[in-house]
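The next block holds one structure in the form of C-alpha cells; read it before the comments.
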Amino acid sequence: MLHRLYARVIEIAAGPHALAALLIVSFVESSVFPILPDILLIPMILARPYAAWRLAALCTIASVAGGVLGYAIGYFLFDAVGRPVLEFYHAMTRYDDFKAGFDRWGAWIIIIKGMTPIPYKLVTIASGVAHFDLLAFIGASIVSRSLRFFLIAAVLSWFGDAARDFIERRLTLVTSVFAVLLVGGFVALRYL
C-alpha cells in the first residue's frame with residue numbers, strides 16, 4: 001500500500017499542477033498550514049531531477065513570501081490570528097521564549113529555526129510580534145529557506161538515481177524517519 005501511495009505521489013509530482021501545489025503549500029506553510037513543502041518538493045525533484053535547482057528556488061521564494069504573511073499576522077493580527085495558530089500547535093510557551101530571544105540573537109533564530117522541523121510559522125509570527133526588522137527578517141528567511149530547500153535539491157541531484165533507489169527500496173524506513181522528524185519538531189516545540 002505504501003508503495004502504491006508513493007507511486008501516486010511521484011505521478012502527481014510529475015503532473016501539470018504539481019508546481020502550483022508546491023508554491024501554494026510553500027507559501028501557506030510559512031504562516032498557517034501544518035504540512036511541510038518537503039513532502040511535495042522531494043517527489044517533484046525525484047520526478048524531475050533536471051529541475052531540482054529551479055524547484056528549490058521557487059519553493060524558497062514562495063516560502064519567504066509566506067513568511068512575510070506570517071510576519072504580518074504577528075505584527076498586525078496577533079490576537080485575532082497569530083495566537084490561535086500558535087495555540088493550535090501548543091506553541092505559546094515556546095513563542096514567549098522566541099520573542100525574548102529576538103533581542104539577543106535576532107537573525108540567527110530565524111536562520112537556525114527555519115532549517116529545522118520546528119514549524120516555520122512559529123518563527124514568522126514571533127518575528128512580527130517582536131517587531132523584528134522586516135528587511136533583516138526577509139534576509140534571514142532567504143538564507144534559512146535556501147539552505148533547507150537547496151540542500152534537498154543538492155542531495156537528490158548529486159545522488160540522483162541512487163537516492164531514488166534508496167527511497168524506493170527502504171520506503172517504510174524513509175517515511176518513518178520523516179514522520180519521526182516531523183513529530184519530533186512538534187515535540188521539541190512543545191517541551192524545549
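Identifiers in this document derive from the order of the C-alpha cells: chains are assigned A, B, ..., residues are numbered from 1 separately in each chain, and ligands are numbered from 1 in order of occurrence.
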Identify, on the basis of only C-alpha atoms, every residue whose closest approach to Leu156 of chain A does not exceed 9 Å; exclude the query and any residue fewer than 5 positions from it along the same chain; express the result as an NGL selection string.
-> :A and (42 or 45-46 or 49 or 52 or 151 or 161-164)
Give the helix (DSSP H, G or I) residues of segment 23-148 of chain A, as assigned by DSSP on the backbone, as a PyMOL selection string.
-> chain A and resi 23-29+38-47+49-76+78-88+92-105+107-113+120-129+134-148
Determine, counting only C-alpha atoms, which protein, DNA and RNA residues have an atom within 12 Å of an atom of Ala20 of chain A; residues of the same chain fewer than 4 positions away are not included. Present the result as a short mmCIF file (atom, residue, chain, number, x, y, z; two decimals) with N, CA, C and O atoms, in the first residue's frame.
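This is the output file result.cif:
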data_model
loop_
_atom_site.label_atom_id
_atom_site.label_comp_id
_atom_site.auth_asym_id
_atom_site.auth_seq_id
_atom_site.Cartn_x
_atom_site.Cartn_y
_atom_site.Cartn_z
N ILE A 12 1.78 12.37 -9.37
CA ILE A 12 1.26 13.73 -9.17
C ILE A 12 2.39 14.75 -9.28
O ILE A 12 2.23 15.81 -9.87
N ALA A 13 3.55 14.40 -8.71
CA ALA A 13 4.70 15.31 -8.74
C ALA A 13 5.18 15.60 -10.15
O ALA A 13 5.77 16.64 -10.41
N ALA A 14 4.93 14.69 -11.06
CA ALA A 14 5.31 14.90 -12.45
C ALA A 14 4.18 15.53 -13.26
O ALA A 14 4.37 15.86 -14.42
N GLY A 15 3.03 15.70 -12.64
CA GLY A 15 1.85 16.21 -13.33
C GLY A 15 1.87 17.71 -13.57
O GLY A 15 2.74 18.44 -13.07
N PRO A 16 0.88 18.18 -14.32
CA PRO A 16 0.85 19.59 -14.73
C PRO A 16 0.54 20.59 -13.61
O PRO A 16 0.86 21.76 -13.74
N ILE A 24 1.84 26.86 -3.51
CA ILE A 24 0.78 27.15 -2.53
C ILE A 24 1.15 26.59 -1.16
O ILE A 24 1.06 27.29 -0.15
N VAL A 25 1.57 25.32 -1.13
CA VAL A 25 1.94 24.71 0.15
C VAL A 25 3.13 25.44 0.77
O VAL A 25 3.15 25.70 1.97
N SER A 26 4.13 25.78 -0.03
CA SER A 26 5.30 26.50 0.48
C SER A 26 4.90 27.85 1.08
O SER A 26 5.44 28.26 2.11
N PHE A 27 3.98 28.52 0.42
CA PHE A 27 3.53 29.83 0.89
C PHE A 27 2.76 29.71 2.20
O PHE A 27 3.08 30.37 3.18
N PRO A 37 6.51 21.77 2.88
CA PRO A 37 6.64 21.70 1.43
C PRO A 37 7.58 20.58 0.97
O PRO A 37 7.51 20.14 -0.17
N LEU A 40 6.15 17.67 -0.96
CA LEU A 40 5.98 17.81 -2.42
C LEU A 40 7.31 18.01 -3.12
O LEU A 40 7.50 17.50 -4.23
N LEU A 41 8.21 18.76 -2.51
CA LEU A 41 9.47 19.07 -3.16
C LEU A 41 10.29 17.82 -3.47
O LEU A 41 10.82 17.67 -4.57
N MET A 44 8.86 15.80 -6.33
CA MET A 44 8.95 16.57 -7.57
C MET A 44 10.38 16.55 -8.11
O MET A 44 10.58 16.45 -9.33
N LEU A 55 13.18 24.21 -8.86
CA LEU A 55 12.15 23.90 -7.88
C LEU A 55 12.54 24.40 -6.48
O LEU A 55 11.71 24.95 -5.76
N LEU A 58 12.10 28.22 -6.48
CA LEU A 58 10.69 28.62 -6.42
C LEU A 58 10.07 28.31 -5.05
O LEU A 58 9.30 29.10 -4.51
N CYS A 59 10.46 27.18 -4.49
CA CYS A 59 9.98 26.81 -3.15
C CYS A 59 10.47 27.83 -2.12
O CYS A 59 9.72 28.25 -1.24
N ALA A 62 8.48 31.18 -2.59
CA ALA A 62 7.12 31.07 -2.06
C ALA A 62 7.12 30.99 -0.54
O ALA A 62 6.28 31.59 0.13
#
Compare A:Phe76, A:Ile35, A:Tyr71, A:Leu147 by their minimum atom-to-atom distance to Leu135 of chain A, counting only C-alpha atoms, and give me the closest one.
-> A:Tyr71
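You can rank A:Ile61, A:Ile110, A:Ala21, A:Val85 by their closest distance to Asp133 of chain A using only C-alpha atoms, and at the top of that list sits A:Ile110.
In terms of minimum interatomic distance to Leu69 of chain A, A:Ser30 ranks closest within A:Ser127, A:Ser157, A:Ser30, A:Thr116, counting only C-alpha atoms.
Our summary of the geometry notes that atom CA of Pro84 of chain A is positioned 15.5 Å from atom CA of Val28 of chain A.
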